[in-house]
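Quick notes on the structure that follows.
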Amino acid sequence: MTYPLAAPSNTISPATRERLLRLLAEYPSKPAALLTALYLVQAECNHLNEAVLTEFADIMEMPKSVIYEVTTFYSLYSTKPVGRNIIMVCQNLCCFLRGSDEVVMAIARELGIKPGETTPDGKFTLRPVECLAACERAPAIQINDKLMGPVSPADIPGILAEYRR
Amino acid sequence: MSAPRYIYRDLETPGIERLEVYRAAGGYQALEKVLRTMTPPEVVEVVKAARLVGRGGAGFPTGLKWELVAREPLTPKFVVANAEEGEPGTFKDLPILTRIPHRLIEGMLIGAFAVGAHEGVIVCRGEFMEPQRILRQAIAEAEAAGLLGENILGTGFSFKLWVYRTAGAYICGEETSLLEALEGKPGMPRIRPPFPVNAGLWARPTALNNVETFANVPGIILGGAAPYAALGTEKNSGTKGYCISGHVNKPGVYEIPFGVTLRSLINDYAGGILDGRAFKAVFPGGASSSCLTAEHMDLPLDFHHVAQAGSMLGSAAFMVVAEGVCMVEVALRLARFFRHESCGKCIPCRDGTYQIVRLLERMKRGEGVACEIDDIVDLASVMQKAAFCGLGQAAPNPVLSCIRHFRSEFEDHCAGKPCSMLGGGENPYGNHH
């Protein structure tokens, strides 16, 4: 999946449809390709809403209910619009002990949103998460595919500036 | 502190993630030895004699697991590496995946030869984007060098390896949930038996091991079983990647023979408690384990001794809490984790994790009543006995142990006394889940 994510779209492009069909040929069964295929579609459509999943189910020739079950089970798929950059802030024990609450609040202040929300311009979603497997770098955050830590509230404006451009 | 390293050997060597550097450091010599001079049962025997046990937390003997898969007549067979590292406090596999990917690949190749598998998968948690890139690159290098694919090193042995990205669910670290995810389904645990060794991926015999377990194998093959078995304790041989984080001066992962004491781990390796504060508690096996207190400082840290002390070593994820932290908040953070990660398959876990969080949040708001402390204990007992898988059975452990060791803090919160310790007040940004 490439970052930043695309802006929201309700249709799967012919190019992505082609990529999906090629992907299906690589896997031993259609369900086995499902998680990978959902990532592909999410990268293009920003999130996986009903219109997108309906079209996707047609391409996969799988029941919509099965696809919806998988989509909503995993935390890295979203059925609602998300920002083009996803900021994940760990708030589990080790990061909490090292000050992650202050980091979450600093990001929220800087973006003018609450934890869990997306900025009105669609650039950022702030997502408190459970454990990024980087406890030795606590407090840890991950923006898109990049893991960072330890970070302090003072680092936040500089870090976000890179993604604002 | 100078015991031989098996898992992280050459970790600091520049460029060790590249095939040529790994080979120059002796990499893939164990594979050559296996393919050219050993039979599959001989490989199993060496791993058995080394007394290697699984590093994912359950501690199942690896040699026995491989023997069970090798014995199965059904084909094709699979080798799967569990890279779903996500237990809070655990970060031991990340250095292998990002810095020494070829050691994992070599370990999986040896495992595949031992069990008779020709296809393998590294199942990576969805957040691990950089590790996946590095692994795919390493696999491509190994393929180009004839170390993966058909007729490996001209010996006639074939093995195809690929990387699979799951999509964010702690439960996928549980082996049968991982297999469900790999088959494209929600990661909910399967009933066992059948065990993955008999009917795993696509109902075929599957050797499913932790990343760290595979990383031990090349060194064991090259150095022999005896030196490895001589390390550690009577019950657990070899070395372990001990993760230590939280309130210590030098958080990190340290490869140490089994049996290091808690005191030595904290003081000699992790540089002591942060800023010279006093020690309060440690969760030795991540979020699923019961906390240990100062009386356990001289406990030798292996699976057996930590279990005897009423906790579990798990993946050796030591989360250290210093004095001055509210244990009700500590319990709440860990309880929220399990509420978030419960897959919803069984009622004891789905509702139990939810109710424990609700009761702890009431206490944090000063709305709790003292008898609700015992309600949590009762609820926990139901979960431990009746939850479908290890997640739900272990979920109440950290909360119960906080109550056991620090009950007065819970009573004070129920009585509405103000708490000035870290986390004693309300969460500044509320409850986001």
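Each chain of the structure tokens is named A, B, ... in the order shown, its residues numbered from 1; ligands are numbered from 1 in display order.
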Original post:
Near Lys160 in chain B, counting only C-alpha atoms, which residues have an atom at most 9 Å away, once you skip same-chain residues fewer than 4 positions from it, shown as a list in words?
Top reply: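 Here the qualifying residues turn out to be His118, Glu119, Gly120, Val121, Glu143, Leu148, Gly149 and Glu150 of chain B.
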Mind listing as a CSV table (one decimal) with C-alpha atoms, in the first residue's frame which residues of chain A are within 7 Å of chain B, counting only C-alpha atoms?
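The file below, iface-v3.csv, is the result:
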chain,number,residue,atom,x,y,z
A,31,PRO,CA,-10.5,-16.2,0.0
A,32,ALA,CA,-6.7,-16.5,0.4
A,33,ALA,CA,-6.2,-13.4,-1.7
A,34,LEU,CA,-8.9,-11.4,0.2
A,35,LEU,CA,-6.8,-9.5,2.7
A,70,VAL,CA,-13.5,-9.6,7.1
A,73,PHE,CA,-12.9,-7.6,11.7
A,74,TYR,CA,-9.4,-6.1,11.1
A,75,SER,CA,-8.4,-2.7,12.5
A,76,LEU,CA,-6.3,-1.7,9.4
A,92,ASN,CA,-0.6,0.8,25.9
A,93,LEU,CA,1.2,0.4,29.1
A,94,CYS,CA,4.9,1.0,28.2
A,97,LEU,CA,4.5,5.0,31.4
A,98,ARG,CA,6.8,7.1,29.1
A,115,PRO,CA,-8.2,11.6,19.1
A,116,GLY,CA,-10.0,9.3,16.7
A,130,GLU,CA,-2.7,-0.8,20.9
A,131,CYS,CA,1.0,-1.6,20.8
A,132,LEU,CA,3.3,-1.0,17.8
A,133,ALA,CA,5.9,-3.5,19.0
A,134,ALA,CA,8.3,-0.7,19.7
A,135,CYS,CA,8.1,-0.5,23.5
A,136,GLU,CA,11.9,0.1,23.8
A,145,ASP,CA,4.5,3.2,7.2
Subject >> Shell around Asn49 in chain A at 9 Å using only C-alpha atoms, local window under 5 positions removed, as a list in words >> reply: Asn10, Thr54, Ser78, Thr79, Lys80 and Pro81 of chain A
Just write the chosen residues, C-alpha atoms, as a PDB file, in the first residue's frame.
ATOM      1  CA  ASN A  10     -16.576   5.257  -4.740  1.00  0.00           C
ATOM      2  CA  THR A  54     -20.345  -4.127  -3.543  1.00  0.00           C
ATOM      3  CA  SER A  78     -11.763   1.381   7.452  1.00  0.00           C
ATOM      4  CA  THR A  79     -15.345   1.582   6.206  1.00  0.00           C
ATOM      5  CA  LYS A  80     -15.417   5.328   6.839  1.00  0.00           C
ATOM      6  CA  PRO A  81     -13.331   8.079   5.191  1.00  0.00           C
TER       7      PRO A  81
END
**OP:** Would you work out the distance separating CA of Gly156 in chain B from CA of Arg133 in chain B, expressed in Å to one decimal?
**Re:** 28.8 Å
Original post:
Within 9 Å of range 13-15 of chain A, counting only C-alpha atoms, which residues qualify if same-chain residues fewer than 4 places away don't, as a count of residues only?
Top reply: 3
Identify, on the basis of only C-alpha atoms, every residue whose closest approach to Ala145 in chain B does not exceed 12 Å; exclude the query and any residue fewer than 3 positions from it along the same chain; express the result as an mmCIF file with N, CA and C atoms, in the first residue's frame.
data_model
loop_
_atom_site.group_PDB
_atom_site.id
_atom_site.type_symbol
_atom_site.label_atom_id
_atom_site.label_comp_id
_atom_site.auth_asym_id
_atom_site.auth_seq_id
_atom_site.Cartn_x
_atom_site.Cartn_y
_atom_site.Cartn_z
ATOM 1 N N ARG B 18 21.870 -7.774 4.021
ATOM 2 C CA ARG B 18 22.124 -8.175 2.636
ATOM 3 C C ARG B 18 22.743 -9.573 2.586
ATOM 4 N N LEU B 19 22.393 -10.296 1.551
ATOM 5 C CA LEU B 19 22.819 -11.696 1.439
ATOM 6 C C LEU B 19 24.336 -11.853 1.472
ATOM 7 N N GLU B 20 25.047 -11.016 0.707
ATOM 8 C CA GLU B 20 26.506 -11.212 0.626
ATOM 9 C C GLU B 20 27.172 -11.015 1.987
ATOM 10 N N ARG B 23 26.290 -13.985 4.230
ATOM 11 C CA ARG B 23 27.069 -15.172 3.843
ATOM 12 C C ARG B 23 28.528 -15.042 4.269
ATOM 13 N N TYR B 28 24.102 -19.228 5.911
ATOM 14 C CA TYR B 28 23.687 -20.330 5.026
ATOM 15 C C TYR B 28 24.651 -21.513 5.045
ATOM 16 N N ALA B 138 14.945 -9.679 0.780
ATOM 17 C CA ALA B 138 15.838 -10.773 1.169
ATOM 18 C C ALA B 138 15.450 -12.057 0.449
ATOM 19 N N ILE B 139 14.147 -12.294 0.321
ATOM 20 C CA ILE B 139 13.683 -13.501 -0.375
ATOM 21 C C ILE B 139 14.112 -13.445 -1.845
ATOM 22 N N ALA B 140 13.982 -12.259 -2.458
ATOM 23 C CA ALA B 140 14.368 -12.108 -3.865
ATOM 24 C C ALA B 140 15.866 -12.373 -4.043
ATOM 25 N N GLU B 141 16.656 -11.862 -3.096
ATOM 26 C CA GLU B 141 18.115 -12.105 -3.149
ATOM 27 C C GLU B 141 18.424 -13.592 -3.037
ATOM 28 N N ALA B 142 17.744 -14.254 -2.094
ATOM 29 C CA ALA B 142 17.993 -15.678 -1.865
ATOM 30 C C ALA B 142 17.568 -16.496 -3.076
ATOM 31 N N LEU B 148 16.666 -20.263 -2.531
ATOM 32 C CA LEU B 148 15.230 -20.520 -2.462
ATOM 33 C C LEU B 148 14.791 -20.875 -3.876
ATOM 34 N N GLY B 149 13.704 -21.631 -3.980
ATOM 35 C CA GLY B 149 13.203 -22.014 -5.300
ATOM 36 C C GLY B 149 13.471 -23.492 -5.575
ATOM 37 N N GLU B 150 13.712 -23.805 -6.847
ATOM 38 C CA GLU B 150 13.920 -25.208 -7.241
ATOM 39 C C GLU B 150 15.385 -25.614 -7.050
ATOM 40 N N ASN B 151 15.603 -26.862 -6.717
ATOM 41 C CA ASN B 151 16.933 -27.463 -6.710
ATOM 42 C C ASN B 151 17.964 -26.598 -5.966
ATOM 43 N N ILE B 152 17.686 -26.347 -4.694
ATOM 44 C CA ILE B 152 18.490 -25.427 -3.893
ATOM 45 C C ILE B 152 19.931 -25.961 -3.717
ATOM 46 N N LEU B 153 20.898 -25.136 -4.051
ATOM 47 C CA LEU B 153 22.327 -25.481 -3.971
ATOM 48 C C LEU B 153 22.635 -26.766 -4.728
ATOM 49 N N GLY B 154 21.810 -27.041 -5.743
ATOM 50 C CA GLY B 154 22.048 -28.221 -6.557
ATOM 51 C C GLY B 154 21.757 -29.537 -5.868
#
**OP:** Write out as a PyMOL selection string all residues of range 93-150 of chain A that backbone DSSP assigns to alpha helix (DSSP H).
**Re:** chain A and resi 93-97+100-111
Run DSSP on the backbone of this structure and report the residues of range 21-146 of chain A it assigns to strand (DSSP E or B), as a compact mmCIF listing (two decimals) with C-alpha atoms, in the first residue's frame.
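states.txt, written as the output of this step:
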# COMPACT_ATOMS: atom_id res chain seq x y z
CA ASN A 85 -1.97 10.31 6.42
CA ILE A 86 -2.73 8.01 9.33
CA ILE A 87 -1.07 8.87 12.63
CA MET A 88 -1.04 5.92 15.02
CA VAL A 89 -0.11 6.63 18.62
CA CYS A 90 0.47 3.72 20.94
CA THR A 118 -9.90 13.28 10.88
CA PHE A 124 -4.71 13.50 8.83
CA THR A 125 -6.45 10.91 10.94
CA LEU A 126 -5.29 10.62 14.56
CA ARG A 127 -5.69 7.06 15.73
CA PRO A 128 -4.72 5.93 19.25
CA VAL A 129 -3.72 2.27 18.89
CA ILE A 141 4.10 6.66 16.98
CA GLN A 142 3.73 5.48 13.40
CA ILE A 143 2.79 7.80 10.57
CA LYS A 146 7.12 5.00 9.27
Original post:
Taking only C-alpha atoms into account, which of B:Glu323, B:Glu234, B:Glu67, B:Asp268 comes nearest Pro41 in chain B?
Top reply: B:Glu67
Original post:
So how many Å separate CA of Pro150 in chain A and CA of Tyr242 in chain B, to one decimal?
Top reply: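 Going from CA of Pro150 in chain A over to CA of Tyr242 in chain B covers 19.9 Å.
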Original post:
If we count only C-alpha atoms, what is near Leu400 in chain B at a cut-off of 10 Å, once residues fewer than 2 positions away on the same chain are taken out, given as a list of chain:residue names?
Top reply: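 My reading of the contact set: B:Ser289, B:Ser290, B:Cys291, B:Ala331, B:Ile373, B:Asp374, B:Ile376, B:Val377, B:Asp378, B:Ala380, B:Ser381, B:Ala395, B:Pro396, B:Asn397, B:Pro398, B:Cys402, B:Ile403, B:Arg404, B:His405, B:Phe406, B:Arg407.
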**OP:** Considering only C-alpha atoms, state which residue in the set A:Glu61, A:Glu102, A:Glu50, A:Asp121 is at the smallest distance from Ala7 in chain A.
**Re:** A:Asp121
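Nearest to Met421 in chain B of all the residues B:Lys65, B:Ala370, B:Asn210, B:Gly324 is B:Gly324, counting only C-alpha atoms.
Of note, CA of Tyr269 in chain B and CA of Ile96 in chain B are spaced 19.7 Å apart.
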**OP:** Mind checking which residues fall within 12 Å of range 153-155 of chain A, counting only C-alpha atoms, ignoring those fewer than 5 positions away in the same chain, and posting them as a list in words?
**Re:**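 Here the answer would be Arg98, Gly99, Ser100, Asp101, Glu102, Val103, Val104, Met105, Ala106, Ile107, Ala108, Arg109, Glu110, Pro139, Ala140, Ile141, Met148, Leu160, Ala161 and Glu162 of chain A.
Taking only C-alpha atoms into account, Ala112 in chain B lies nearest to B:Pro40 out of the set B:Pro61, B:Pro73, B:Gly173, B:Pro40.
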